[in-house]
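Participant: I am sharing final.tsv, which consists of TSV, C-alpha atoms and all ligand atoms:
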chain	number	residue	atom	x	y	z
A	18	MET	CA	55.50	111.53	101.16
A	19	LYS	CA	57.53	108.88	102.86
A	20	LYS	CA	58.89	109.41	106.29
A	21	ILE	CA	62.36	110.90	106.17
A	22	SER	CA	64.58	108.75	108.33
A	23	GLY	CA	67.45	110.09	110.34
A	24	LEU	CA	69.89	108.14	108.21
A	25	PHE	CA	68.46	109.61	105.06
A	26	LEU	CA	68.83	113.04	106.54
A	27	ILE	CA	72.44	112.36	107.48
A	28	ALA	CA	73.14	111.00	103.98
A	29	PHE	CA	71.50	114.07	102.49
A	30	LEU	CA	73.47	116.42	104.70
A	31	SER	CA	76.76	114.63	103.88
A	32	LEU	CA	75.95	114.90	100.21
A	33	PHE	CA	75.23	118.57	100.68
A	34	SER	CA	78.50	119.17	102.52
A	35	LEU	CA	80.40	117.28	99.80
A	36	VAL	CA	78.98	119.60	97.21
A	37	ALA	CA	79.54	122.64	99.38
A	38	SER	CA	83.15	121.74	100.20
A	39	ALA	CA	84.09	121.46	96.52
A	40	GLU	CA	85.43	117.97	96.07
A	41	ASP	CA	87.70	117.70	99.08
A	42	THR	CA	86.75	115.25	101.79
A	43	THR	CA	88.66	115.03	105.04
A	44	VAL	CA	89.22	111.79	106.91
A	45	LYS	CA	90.56	112.05	110.43
A	46	ALA	CA	92.53	109.39	112.27
A	47	VAL	CA	91.07	109.04	115.75
A	48	GLY	CA	92.59	106.38	117.97
A	49	VAL	CA	92.87	103.40	115.64
A	50	GLN	CA	89.94	104.37	113.45
A	51	PHE	CA	89.38	106.51	110.42
A	52	GLU	CA	86.51	108.98	110.69
A	53	ALA	CA	84.65	108.65	108.49
A	54	ALA	CA	85.62	105.09	107.60
A	55	PHE	CA	83.31	105.11	104.58
A	56	ILE	CA	83.27	107.95	102.13
A	57	PHE	CA	81.52	108.56	98.83
A	58	ILE	CA	83.09	110.87	96.30
A	59	GLU	CA	83.06	111.60	92.59
A	60	ALA	CA	85.86	110.81	90.14
A	61	GLY	CA	88.52	113.50	90.31
A	62	ASP	CA	87.75	114.41	93.91
A	63	LYS	CA	90.40	114.66	96.58
A	64	VAL	CA	90.57	113.01	99.97
A	65	SER	CA	92.75	114.44	102.74
A	66	TRP	CA	93.82	112.43	105.78
A	67	GLU	CA	94.53	114.37	108.96
A	68	ASN	CA	95.91	113.64	112.41
A	69	MET	CA	98.04	110.87	110.87
A	70	ASN	CA	100.89	111.08	113.39
A	71	SER	CA	101.21	107.28	113.73
A	72	HIS	CA	99.14	106.22	110.73
A	73	ASN	CA	99.29	105.83	106.97
A	74	VAL	CA	97.17	104.89	103.96
A	75	GLU	CA	97.90	101.68	102.08
A	76	SER	CA	95.59	100.43	99.36
A	77	ILE	CA	94.79	96.74	99.55
A	78	ASP	CA	95.80	95.36	96.15
A	79	GLU	CA	93.08	92.71	96.01
A	80	LEU	CA	90.33	95.15	97.05
A	81	VAL	CA	90.65	98.05	94.63
A	82	PRO	CA	89.57	98.56	91.00
A	83	GLU	CA	91.73	96.62	88.57
A	84	GLY	CA	94.76	98.48	87.29
A	85	THR	CA	94.80	100.93	90.19
A	86	GLU	CA	98.16	102.35	91.13
A	87	LYS	CA	99.33	101.22	94.57
A	88	ILE	CA	98.84	103.73	97.37
A	89	MET	CA	101.38	103.60	100.17
A	90	THR	CA	101.90	106.76	102.16
A	91	THR	CA	104.52	107.38	104.82
A	92	VAL	CA	103.52	106.73	108.43
A	93	GLY	CA	103.04	110.07	110.16
A	94	ASP	CA	102.23	112.10	107.06
A	95	ASP	CA	98.98	113.94	106.50
A	96	VAL	CA	98.27	113.39	102.83
A	97	THR	CA	95.87	114.43	100.09
A	98	LEU	CA	95.15	111.99	97.29
A	99	THR	CA	93.07	112.36	94.15
A	100	PHE	CA	90.85	109.53	92.99
A	101	ASP	CA	90.32	109.67	89.24
A	102	LYS	CA	89.18	106.13	88.57
A	103	PRO	CA	85.64	105.16	89.57
A	104	GLY	CA	85.27	102.11	91.76
A	105	ILE	CA	85.49	100.87	95.33
A	106	TYR	CA	88.79	101.21	97.15
A	107	VAL	CA	89.60	99.45	100.41
A	108	TYR	CA	92.60	100.76	102.29
A	109	LYS	CA	94.29	100.13	105.58
A	110	CYS	CA	96.61	101.73	108.04
A	111	THR	CA	99.62	99.43	107.79
A	112	PRO	CA	100.71	99.61	111.48
A	113	HIS	CA	97.16	99.20	112.82
A	114	TRP	CA	95.63	96.73	110.41
A	115	GLY	CA	95.58	94.13	113.18
A	116	ALA	CA	93.20	96.48	114.98
A	117	ARG	CA	91.20	96.73	111.72
A	118	MET	CA	92.09	100.33	111.09
A	119	GLY	CA	90.95	100.87	107.54
A	120	GLY	CA	88.37	102.47	105.33
A	121	VAL	CA	86.45	102.27	102.10
A	122	ILE	CA	86.19	104.94	99.43
A	123	MET	CA	83.52	104.68	96.78
A	124	VAL	CA	84.33	106.79	93.75
A	125	GLY	CA	81.44	107.61	91.45
A	126	GLN	CA	78.00	106.12	91.25
A	127	GLN	CA	78.41	102.34	91.36
A	128	ASP	CA	75.37	100.46	90.12
A	129	ASN	CA	77.06	97.18	90.97
A	130	ALA	CA	78.43	98.25	94.33
A	131	MET	CA	76.95	95.32	96.21
A	132	GLU	CA	78.34	92.83	93.69
A	133	THR	CA	81.77	94.38	93.92
A	134	VAL	CA	81.73	94.25	97.72
A	135	ASN	CA	80.54	90.65	97.69
A	136	ALA	CA	83.34	89.75	95.27
A	137	TYR	CA	85.79	91.45	97.66
A	138	LEU	CA	84.36	89.42	100.55
A	139	GLU	CA	84.87	86.23	98.55
A	140	THR	CA	88.48	87.18	97.91
A	141	VAL	CA	88.97	87.85	101.63
A	142	GLY	CA	87.37	84.51	102.49
A	143	ALA	CA	89.56	82.65	100.00
A	144	GLN	CA	92.87	84.30	100.89
A	145	LYS	CA	92.38	85.00	104.59
A	146	GLY	CA	95.71	85.87	106.23
A	147	ASN	CA	96.47	89.56	106.00
A	148	LEU	CA	93.15	90.24	104.28
A	149	LEU	CA	91.01	89.00	107.16
A	150	PRO	CA	90.59	92.35	108.96
A	151	ALA	CA	88.81	93.58	105.80
A	152	LYS	CA	85.89	91.27	106.47
A	153	GLY	CA	84.31	93.30	109.27
A	154	LEU	CA	85.05	96.52	107.44
A	155	LEU	CA	83.28	95.31	104.28
A	156	LYS	CA	80.29	94.05	106.24
A	157	LYS	CA	79.88	97.45	107.86
A	158	PHE	CA	80.26	99.03	104.44
A	159	ILE	CA	77.39	96.89	103.13
A	160	LYS	CA	75.19	98.29	105.91
A	161	GLU	CA	76.22	101.79	104.90
A	162	LEU	CA	75.34	101.04	101.28
A	163	GLU	CA	71.97	99.67	102.33
A	164	SER	CA	71.24	102.74	104.39
A	165	ARG	CA	71.93	104.93	101.37
A	166	SER	CA	69.76	103.07	98.89
B	201	CU	CU	96.89	103.61	112.23
For this file, produce the structure as structure tokens.
Ligand SMILES: [Cu+2]
Facilitator:
Amino acid sequence: MKKISGLFLIAFLSLFSLVASAEDTTVKAVGVQFEAAFIFIEAGDKVSWENMNSHNVESIDELVPEGTEKIMTTVGDDVTLTFDKPGIYVYKCTPHWGARMGGVIMVGQQDNAMETVNAYLETVGAQKGNLLPAKGLLKKFIKELESRS
């Protein structure tokens, strides 16, 4: 049997807690970060954001599955959203995007996750501007994906 790495154990425990908590994942705003910044859910699951007193959730149009409805919550509101469509969603906190406050939600098993993320990175590289803070976020997400595979 292969050695069980700490990361594997953490991934396993997160998976276990996802199952145990019945499809509702909580993301907490701490300072100008979302914890956890990267979450993995199944289609139809809910995500709740807490401690959002000066924060919000805004989907980044270029970095979500095609045909996704825009997400734009009110700054200060704790919200719960349901993700029905599989894919990879990148979102930001509008007021703190300059500080790279954002996150990534992967909905469903994505066999082409790495390709999708690389395509997102190309889009960021081509458009720059307001998309630039997504670069570091996506690179960290790649590391997370690698640690899970
Ligand atoms: Cu914020």
Participant: Please identify the residues whose atoms come within 7 Å of ligand CU 201 (chain B), using all atoms listed in the file, and report them as a PDB file with C-alpha atoms, in the frame of the given file.
Facilitator:
ATOM      1  CA  VAL A  49      92.870 103.400 115.640  1.00  0.00           C
ATOM      2  CA  SER A  71     101.210 107.280 113.730  1.00  0.00           C
ATOM      3  CA  HIS A  72      99.140 106.220 110.730  1.00  0.00           C
ATOM      4  CA  ASN A  73      99.290 105.830 106.970  1.00  0.00           C
ATOM      5  CA  CYS A 110      96.610 101.730 108.040  1.00  0.00           C
ATOM      6  CA  THR A 111      99.620  99.430 107.790  1.00  0.00           C
ATOM      7  CA  PRO A 112     100.710  99.610 111.480  1.00  0.00           C
ATOM      8  CA  HIS A 113      97.160  99.200 112.820  1.00  0.00           C
ATOM      9  CA  MET A 118      92.090 100.330 111.090  1.00  0.00           C
TER      10      MET A 118
END
Participant: What does the distance between atom CA of Trp114 of chain A and atom CA of Lys156 of chain A come to in Å, to one decimal place?
Facilitator: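 Here the two named atoms are 16.1 Å from each other.
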Participant: With distances taken over only C-alpha atoms, which of A:Val74, A:Val96, A:Arg117, A:Glu161 is nearest to Gln50 of chain A?
Facilitator: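 Smallest separation from Gln50 of chain A among the options: A:Arg117.
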Participant: Considering only C-alpha atoms, return as number ranges by chain whatever protein or nucleic-acid residues lie within 12 Å of Ala151 of chain A, sequence-local ones (same chain, fewer than 2 positions apart) excluded.
Facilitator: A: 76-77, 79-80, 106-110, 114-121, 134-135, 137-142, 144-149, 153-158
Participant: Report, in Å to a single decimal, how far apart atom CA of Met131 of chain A and atom CA of Ile159 of chain A are.
Facilitator: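 These atoms are spaced 7.1 Å apart.
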Participant: Take atom CA of Asp101 of chain A and atom CA of Asp62 of chain A and report the distance between them in Å, one decimal.
Facilitator: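 If I compute the distance from atom CA of Asp101 of chain A to atom CA of Asp62 of chain A, I get 7.1 Å.
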Participant: Restricting the calculation to all atoms listed in the file, which member of A:Glu52, A:Glu67, A:Glu59, A:Asp41 is positioned closest to Val92 of chain A?
Facilitator: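 Smallest separation from Val92 of chain A among the options: A:Glu67.
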Participant: Could you tell me which of A:Ser166, A:Ser65, A:Phe51, A:Ala136 comes closest to Lys152 of chain A if we count all atoms listed in the file?
Facilitator: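 Under the stated criterion, the closest residue is A:Ala136.
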Participant: I need the residue nearest Arg165 of chain A from this list: A:Glu83, A:Phe57, A:Ala46, A:Asn129. Use all atoms listed in the file for the distance.
Facilitator: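 Between A:Glu83, A:Phe57, A:Ala46, A:Asn129, the residue approaching Arg165 of chain A most closely is A:Phe57.
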Participant: Using only C-alpha atoms, which of A:Ile58, A:Glu86, A:Thr43, A:Val64 sits nearest Gln126 of chain A?
Facilitator: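 The closest residue to Gln126 of chain A is A:Ile58.
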Participant: Using all atoms listed in the file, pick whichever of A:Lys45, A:Asp128, A:Pro82, A:Ile56 has the shortest atom-to-atom distance to Met69 of chain A.
Facilitator: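 Using all atoms listed in the file, the shortest distance to Met69 of chain A belongs to A:Lys45.
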Participant: Starting from the incomplete input, reconstruct N, CA and C atoms of segment 37-70 of chain A and write that as a PDB file, in the coordinates of the input.
Facilitator:
ATOM      1  N   ALA A  37      79.162 121.323  98.882  1.00  0.00           N
ATOM      2  CA  ALA A  37      79.540 122.640  99.380  1.00  0.00           C
ATOM      3  C   ALA A  37      81.053 122.753  99.545  1.00  0.00           C
ATOM      4  N   SER A  38      81.726 121.648  99.913  1.00  0.00           N
ATOM      5  CA  SER A  38      83.150 121.740 100.200  1.00  0.00           C
ATOM      6  C   SER A  38      84.001 121.540  98.950  1.00  0.00           C
ATOM      7  N   ALA A  39      83.361 121.493  97.783  1.00  0.00           N
ATOM      8  CA  ALA A  39      84.090 121.460  96.520  1.00  0.00           C
ATOM      9  C   ALA A  39      85.116 120.342  96.434  1.00  0.00           C
ATOM     10  N   GLU A  40      84.630 119.145  96.443  1.00  0.00           N
ATOM     11  CA  GLU A  40      85.430 117.970  96.070  1.00  0.00           C
ATOM     12  C   GLU A  40      86.640 117.680  96.953  1.00  0.00           C
ATOM     13  N   ASP A  41      86.620 118.122  98.194  1.00  0.00           N
ATOM     14  CA  ASP A  41      87.700 117.700  99.080  1.00  0.00           C
ATOM     15  C   ASP A  41      87.117 117.182 100.387  1.00  0.00           C
ATOM     16  N   THR A  42      87.303 115.895 100.601  1.00  0.00           N
ATOM     17  CA  THR A  42      86.750 115.250 101.790  1.00  0.00           C
ATOM     18  C   THR A  42      87.891 114.993 102.770  1.00  0.00           C
ATOM     19  N   THR A  43      87.641 115.264 104.034  1.00  0.00           N
ATOM     20  CA  THR A  43      88.660 115.030 105.040  1.00  0.00           C
ATOM     21  C   THR A  43      88.341 113.793 105.868  1.00  0.00           C
ATOM     22  N   VAL A  44      89.344 112.952 106.048  1.00  0.00           N
ATOM     23  CA  VAL A  44      89.220 111.790 106.910  1.00  0.00           C
ATOM     24  C   VAL A  44      90.194 112.012 108.065  1.00  0.00           C
ATOM     25  N   LYS A  45      89.711 111.798 109.275  1.00  0.00           N
ATOM     26  CA  LYS A  45      90.560 112.050 110.430  1.00  0.00           C
ATOM     27  C   LYS A  45      90.896 110.729 111.127  1.00  0.00           C
ATOM     28  N   ALA A  46      92.152 110.548 111.464  1.00  0.00           N
ATOM     29  CA  ALA A  46      92.530 109.390 112.270  1.00  0.00           C
ATOM     30  C   ALA A  46      92.245 109.709 113.721  1.00  0.00           C
ATOM     31  N   VAL A  47      91.416 108.865 114.331  1.00  0.00           N
ATOM     32  CA  VAL A  47      91.070 109.040 115.750  1.00  0.00           C
ATOM     33  C   VAL A  47      91.295 107.706 116.431  1.00  0.00           C
ATOM     34  N   GLY A  48      92.240 107.669 117.366  1.00  0.00           N
ATOM     35  CA  GLY A  48      92.590 106.380 117.970  1.00  0.00           C
ATOM     36  C   GLY A  48      93.098 105.468 116.864  1.00  0.00           C
ATOM     37  N   VAL A  49      92.506 104.282 116.757  1.00  0.00           N
ATOM     38  CA  VAL A  49      92.870 103.400 115.640  1.00  0.00           C
ATOM     39  C   VAL A  49      91.669 103.230 114.705  1.00  0.00           C
ATOM     40  N   GLN A  50      91.034 104.379 114.416  1.00  0.00           N
ATOM     41  CA  GLN A  50      89.940 104.370 113.450  1.00  0.00           C
ATOM     42  C   GLN A  50      90.054 105.566 112.520  1.00  0.00           C
ATOM     43  N   PHE A  51      89.510 105.374 111.330  1.00  0.00           N
ATOM     44  CA  PHE A  51      89.380 106.510 110.420  1.00  0.00           C
ATOM     45  C   PHE A  51      87.948 107.041 110.516  1.00  0.00           C
ATOM     46  N   GLU A  52      87.841 108.356 110.643  1.00  0.00           N
ATOM     47  CA  GLU A  52      86.510 108.980 110.690  1.00  0.00           C
ATOM     48  C   GLU A  52      86.413 110.002 109.564  1.00  0.00           C
ATOM     49  N   ALA A  53      85.528 109.791 108.598  1.00  0.00           N
ATOM     50  CA  ALA A  53      84.650 108.650 108.490  1.00  0.00           C
ATOM     51  C   ALA A  53      85.371 107.479 107.804  1.00  0.00           C
ATOM     52  N   ALA A  54      85.003 106.271 108.204  1.00  0.00           N
ATOM     53  CA  ALA A  54      85.620 105.090 107.600  1.00  0.00           C
ATOM     54  C   ALA A  54      85.123 104.876 106.179  1.00  0.00           C
ATOM     55  N   PHE A  55      83.903 105.333 105.907  1.00  0.00           N
ATOM     56  CA  PHE A  55      83.310 105.110 104.580  1.00  0.00           C
ATOM     57  C   PHE A  55      82.991 106.446 103.943  1.00  0.00           C
ATOM     58  N   ILE A  56      83.580 106.685 102.789  1.00  0.00           N
ATOM     59  CA  ILE A  56      83.270 107.950 102.130  1.00  0.00           C
ATOM     60  C   ILE A  56      82.880 107.715 100.671  1.00  0.00           C
ATOM     61  N   PHE A  57      82.101 108.655 100.168  1.00  0.00           N
ATOM     62  CA  PHE A  57      81.520 108.560  98.830  1.00  0.00           C
ATOM     63  C   PHE A  57      81.854 109.837  98.082  1.00  0.00           C
ATOM     64  N   ILE A  58      82.633 109.689  97.019  1.00  0.00           N
ATOM     65  CA  ILE A  58      83.090 110.870  96.300  1.00  0.00           C
ATOM     66  C   ILE A  58      82.858 110.679  94.798  1.00  0.00           C
ATOM     67  N   GLU A  59      83.152 111.700  94.051  1.00  0.00           N
ATOM     68  CA  GLU A  59      83.060 111.600  92.590  1.00  0.00           C
ATOM     69  C   GLU A  59      84.466 111.507  91.999  1.00  0.00           C
ATOM     70  N   ALA A  60      84.561 110.941  90.806  1.00  0.00           N
ATOM     71  CA  ALA A  60      85.860 110.810  90.140  1.00  0.00           C
ATOM     72  C   ALA A  60      86.507 112.184  90.013  1.00  0.00           C
ATOM     73  N   GLY A  61      87.777 112.242  90.370  1.00  0.00           N
ATOM     74  CA  GLY A  61      88.520 113.500  90.310  1.00  0.00           C
ATOM     75  C   GLY A  61      88.541 114.249  91.632  1.00  0.00           C
ATOM     76  N   ASP A  62      87.764 113.762  92.591  1.00  0.00           N
ATOM     77  CA  ASP A  62      87.750 114.410  93.910  1.00  0.00           C
ATOM     78  C   ASP A  62      88.996 114.045  94.718  1.00  0.00           C
ATOM     79  N   LYS A  63      89.255 114.890  95.712  1.00  0.00           N
ATOM     80  CA  LYS A  63      90.400 114.660  96.580  1.00  0.00           C
ATOM     81  C   LYS A  63      89.935 114.170  97.950  1.00  0.00           C
ATOM     82  N   VAL A  64      90.790 113.398  98.588  1.00  0.00           N
ATOM     83  CA  VAL A  64      90.570 113.010  99.970  1.00  0.00           C
ATOM     84  C   VAL A  64      91.822 113.380 100.759  1.00  0.00           C
ATOM     85  N   SER A  65      91.627 114.070 101.884  1.00  0.00           N
ATOM     86  CA  SER A  65      92.750 114.440 102.740  1.00  0.00           C
ATOM     87  C   SER A  65      92.659 113.682 104.055  1.00  0.00           C
ATOM     88  N   TRP A  66      93.777 113.117 104.485  1.00  0.00           N
ATOM     89  CA  TRP A  66      93.820 112.430 105.780  1.00  0.00           C
ATOM     90  C   TRP A  66      94.558 113.320 106.774  1.00  0.00           C
ATOM     91  N   GLU A  67      93.952 113.497 107.926  1.00  0.00           N
ATOM     92  CA  GLU A  67      94.530 114.370 108.960  1.00  0.00           C
ATOM     93  C   GLU A  67      94.750 113.620 110.267  1.00  0.00           C
ATOM     94  N   ASN A  68      95.589 114.220 111.103  1.00  0.00           N
ATOM     95  CA  ASN A  68      95.910 113.640 112.410  1.00  0.00           C
ATOM     96  C   ASN A  68      96.590 112.275 112.259  1.00  0.00           C
ATOM     97  N   MET A  69      97.458 112.165 111.250  1.00  0.00           N
ATOM     98  CA  MET A  69      98.040 110.870 110.870  1.00  0.00           C
ATOM     99  C   MET A  69      99.362 110.594 111.569  1.00  0.00           C
ATOM    100  N   ASN A  70      99.568 111.175 112.743  1.00  0.00           N
ATOM    101  CA  ASN A  70     100.890 111.080 113.390  1.00  0.00           C
ATOM    102  C   ASN A  70     101.471 109.664 113.510  1.00  0.00           C
TER     103      ASN A  70
END
